[in-house]
Amino acid sequence: MTLASLARAVLTGAFVAACAGPAPAEQAKPAAPAKPAAAAKFDAARAWVHVERQVKFGPRPSGSAALADTRRYLIAELKALGLPVREQAFTAKTPAGDVPMVNLAATIAGRRADRVALASHYDTKRAPFRFVGANDGGSSTAVVLELARALKDSQPEFTIELLLLDGEEAVNWDWAGTDNTYGSRHYVSAGQADGSLKGLKALVLLDMVGDVNLIIRRESLSTPWLVDAVWSAAARVGQRAVFSNELTTVEDDHVAFVRAGVPAVDIIDLDNPTWHTAQDDLAHVSRQSLQVVGDVVLAALPDIQQRLAAQSPR
């Protein structure tokens with residue numbers, strides 16, 4: 001109801017009451033004030049369970065039966081939280097031929113329809129050895145799932161989109177040309193075609209956030225103000241040592257969004273010894289690292305939304 005219609009309703013009610021005579025002695029009780037949303041809290045123990053479940057599915061490259069099983073698990077977990085889930089299926093043209101892929105998007109409704117996305121890729125690297133991707137794919141996907149639980153009753157200003165992307169990994173061993181980031185590039189191109197990308201105001205990408213010796217460096221291809229918002233939050237929650245001011249440059253799923261004009265930040269620790277090795281297993285993932293990243297993202301979200309609201313007031 002607009003202010004004008006509310007004013008008309010009040011005036012009309014007053015006129016009717018005056019004509020009807022004195023009001024009855026028993027008045028209707030005023031409505032109780034709405035309870036504020038409970039503070040969101042991240043639980044690394046819950047996130048750890050999601051890492052374990054993904055690893056149990058084994059290697060999960062795009063197009064595999066194991067990734068389809070993983071996808072069913074992710075969808076079931078999001079739906080159990082009461083969140084609607086959209087499957088964005090497409091066929092990627094890769095050096096190995098056509099590969100079916102599916103992006104997943106769940107939403108937590110906000111006061112605005114415009115969105116802030118929390119994203120991860122959930123596929124793992126194709127490898128000539130058993131690669132279960134506990135950190136590379138598993139850790140960040142687990143954090144996004146736990147963030148979904150932590151935020152589902154938060155009543156955010158902007159709608160929160162939980163975005164799980166397929167096809168980040170290259171099909172060939174080497175990352176080259178367009179043999180990578182299939183899911184993010186498809187999401188962006190589809191959003192540009194149907195106009196939905198205009199409603200995406202910022203993206204926070206998580207990737208390889210479970211390393212036991214976690215160091216997150218400022219990623220140079222990311223949007224500077226969004227990087228500042230995340231690093232300021234890290235300082236506020238006492239994680240300045242983990243979120244280093246050293247610079248790094250990483251090509252990742254955020255690049256397609258930045259190129260399309262969507263502010264994006266990549267929270268990633270690429271400098272770890274288990275990257276794309278058989279040692280990327282549960283023994284090399286830390287619950288504490290999951291907790292640190294979850295806490296920082298939760299602390300950064302209010303600032304990110306305030307900055308966006310200031311850029312586009314109602």
# chains A, B, ... in the order shown; residues from 1 in each chain; ligands from 1

$ residues_around --residues "Pro59 (chain A)" --least-positions-apart "2" --cutoff "10 Å" --atoms "only C-alpha atoms" --output "VMD selection string"
chain A and resid 54 to 57 61 to 62 64 to 67 123 to 127 129 to 134

$ write_last_selection --atoms "N, CA and C atoms" --output "PDB file, in the first residue's frame"
ATOM      1  N   GLN A  54      30.165 -34.723  -0.488  1.00  0.00           N
ATOM      2  CA  GLN A  54      30.633 -34.565  -1.868  1.00  0.00           C
ATOM      3  C   GLN A  54      31.785 -35.511  -2.178  1.00  0.00           C
ATOM      4  N   VAL A  55      32.734 -35.608  -1.250  1.00  0.00           N
ATOM      5  CA  VAL A  55      33.889 -36.480  -1.466  1.00  0.00           C
ATOM      6  C   VAL A  55      33.452 -37.937  -1.611  1.00  0.00           C
ATOM      7  N   LYS A  56      32.417 -38.353  -0.883  1.00  0.00           N
ATOM      8  CA  LYS A  56      31.927 -39.733  -0.985  1.00  0.00           C
ATOM      9  C   LYS A  56      31.422 -40.070  -2.390  1.00  0.00           C
ATOM     10  N   PHE A  57      30.991 -39.051  -3.129  1.00  0.00           N
ATOM     11  CA  PHE A  57      30.540 -39.313  -4.505  1.00  0.00           C
ATOM     12  C   PHE A  57      31.724 -39.598  -5.423  1.00  0.00           C
ATOM     13  N   PRO A  61      33.675 -34.822 -12.336  1.00  0.00           N
ATOM     14  CA  PRO A  61      33.805 -33.921 -13.490  1.00  0.00           C
ATOM     15  C   PRO A  61      32.460 -33.692 -14.175  1.00  0.00           C
ATOM     16  N   SER A  62      32.368 -32.626 -14.909  1.00  0.00           N
ATOM     17  CA  SER A  62      31.133 -32.281 -15.620  1.00  0.00           C
ATOM     18  C   SER A  62      30.695 -33.430 -16.519  1.00  0.00           C
ATOM     19  N   SER A  64      29.484 -36.286 -15.582  1.00  0.00           N
ATOM     20  CA  SER A  64      29.626 -37.619 -14.984  1.00  0.00           C
ATOM     21  C   SER A  64      28.410 -37.991 -14.158  1.00  0.00           C
ATOM     22  N   ALA A  65      28.245 -39.299 -13.941  1.00  0.00           N
ATOM     23  CA  ALA A  65      27.160 -39.781 -13.082  1.00  0.00           C
ATOM     24  C   ALA A  65      27.368 -39.305 -11.644  1.00  0.00           C
ATOM     25  N   ALA A  66      28.626 -39.231 -11.214  1.00  0.00           N
ATOM     26  CA  ALA A  66      28.910 -38.777  -9.852  1.00  0.00           C
ATOM     27  C   ALA A  66      28.500 -37.322  -9.654  1.00  0.00           C
ATOM     28  N   LEU A  67      28.680 -36.513 -10.678  1.00  0.00           N
ATOM     29  CA  LEU A  67      28.262 -35.111 -10.535  1.00  0.00           C
ATOM     30  C   LEU A  67      26.742 -35.006 -10.542  1.00  0.00           C
ATOM     31  N   ASP A 123      31.796 -28.747  -9.804  1.00  0.00           N
ATOM     32  CA  ASP A 123      32.435 -29.818 -10.560  1.00  0.00           C
ATOM     33  C   ASP A 123      33.893 -29.968 -10.107  1.00  0.00           C
ATOM     34  N   THR A 124      34.502 -31.109 -10.426  1.00  0.00           N
ATOM     35  CA  THR A 124      35.915 -31.323 -10.118  1.00  0.00           C
ATOM     36  C   THR A 124      36.705 -31.568 -11.403  1.00  0.00           C
ATOM     37  N   LYS A 125      38.013 -31.441 -11.261  1.00  0.00           N
ATOM     38  CA  LYS A 125      38.931 -31.563 -12.397  1.00  0.00           C
ATOM     39  C   LYS A 125      38.955 -32.984 -12.958  1.00  0.00           C
ATOM     40  N   ARG A 126      38.919 -33.095 -14.293  1.00  0.00           N
ATOM     41  CA  ARG A 126      39.184 -34.382 -14.928  1.00  0.00           C
ATOM     42  C   ARG A 126      40.673 -34.656 -14.786  1.00  0.00           C
ATOM     43  N   ALA A 127      41.017 -35.826 -14.288  1.00  0.00           N
ATOM     44  CA  ALA A 127      42.421 -36.115 -14.000  1.00  0.00           C
ATOM     45  C   ALA A 127      42.741 -37.570 -14.316  1.00  0.00           C
ATOM     46  N   PHE A 129      44.290 -39.438 -12.439  1.00  0.00           N
ATOM     47  CA  PHE A 129      44.364 -40.100 -11.146  1.00  0.00           C
ATOM     48  C   PHE A 129      43.055 -39.809 -10.418  1.00  0.00           C
ATOM     49  N   ARG A 130      42.853 -40.438  -9.273  1.00  0.00           N
ATOM     50  CA  ARG A 130      41.610 -40.243  -8.522  1.00  0.00           C
ATOM     51  C   ARG A 130      41.644 -38.879  -7.841  1.00  0.00           C
ATOM     52  N   PHE A 131      40.843 -37.961  -8.353  1.00  0.00           N
ATOM     53  CA  PHE A 131      40.802 -36.585  -7.829  1.00  0.00           C
ATOM     54  C   PHE A 131      39.415 -36.316  -7.255  1.00  0.00           C
ATOM     55  N   VAL A 132      39.322 -36.200  -5.906  1.00  0.00           N
ATOM     56  CA  VAL A 132      38.014 -36.050  -5.271  1.00  0.00           C
ATOM     57  C   VAL A 132      37.682 -34.601  -4.928  1.00  0.00           C
ATOM     58  N   GLY A 133      38.595 -33.676  -5.123  1.00  0.00           N
ATOM     59  CA  GLY A 133      38.292 -32.252  -4.991  1.00  0.00           C
ATOM     60  C   GLY A 133      37.661 -31.842  -3.675  1.00  0.00           C
ATOM     61  N   ALA A 134      38.235 -32.303  -2.549  1.00  0.00           N
ATOM     62  CA  ALA A 134      37.687 -31.901  -1.251  1.00  0.00           C
ATOM     63  C   ALA A 134      37.778 -30.392  -1.064  1.00  0.00           C
TER      64      ALA A 134
END

$ residues_around --residues "Leu247 (chain A)" --least-positions-apart "5" --cutoff "7 Å" --atoms "only C-alpha atoms" --output "list of chain:residue names"
A:Arg217, A:Arg218, A:Glu219, A:Ser220

$ write_last_selection --atoms "C-alpha atoms" --output "short mmCIF file (atom, residue, chain, number, x, y, z; two decimals), in the first residue's frame"
data_model
loop_
_atom_site.label_atom_id
_atom_site.label_comp_id
_atom_site.auth_asym_id
_atom_site.auth_seq_id
_atom_site.Cartn_x
_atom_site.Cartn_y
_atom_site.Cartn_z
CA ARG A 217 45.03 -12.61 -1.33
CA ARG A 218 43.38 -9.62 -3.01
CA GLU A 219 42.49 -10.77 -6.52
CA SER A 220 43.33 -8.11 -9.12
#

$ residues_around --residues "region 142-153 of chain A" --least-positions-apart "4" --cutoff "7 Å" --atoms "only C-alpha atoms" --output "list in words"
Ala37, Ala40, Lys41, Phe42, Arg46, Ala47, His50, Val51, Leu81, Ile108, Leu118, Ala119, Gly138, Leu162, Leu290 and Gly294 of chain A

$ residues_around --residues "region 263-277 of chain A" --least-positions-apart "3" --cutoff "9 Å" --atoms "only C-alpha atoms" --output "VMD selection string"
chain A and resid 125 127 129 to 131 133 135 to 136 200 to 219 221 to 227 230 250 252 to 255 257 to 258 260 280 to 281 284 293

$ select_by_dssp --residues "region 52-208 of chain A" --states "strand (DSSP E or B)" --output "JSON, numbers by chain"
{"A": [85, 86, 87, 88, 89, 90, 91, 92, 93, 94, 97, 98, 99, 100, 101, 102, 103, 104, 105, 106, 107, 108, 112, 113, 114, 115, 116, 117, 118, 119, 120, 121, 158, 159, 160, 161, 162, 163, 164, 165, 200, 201, 202, 203, 204, 205, 206, 207]}

$ residues_around --residues "Ala113 (chain A)" --least-positions-apart "6" --cutoff "10 Å" --atoms "only C-alpha atoms" --output "list in words"
Glu157, Phe158, Thr159, Ile160, Gly199 and Leu200 of chain A

$ closest_residue --among "A:Thr94, A:Ser196, A:Gln88, A:Gln305" --to "Asp179 (chain A)" --atoms "only C-alpha atoms"
A:Thr94
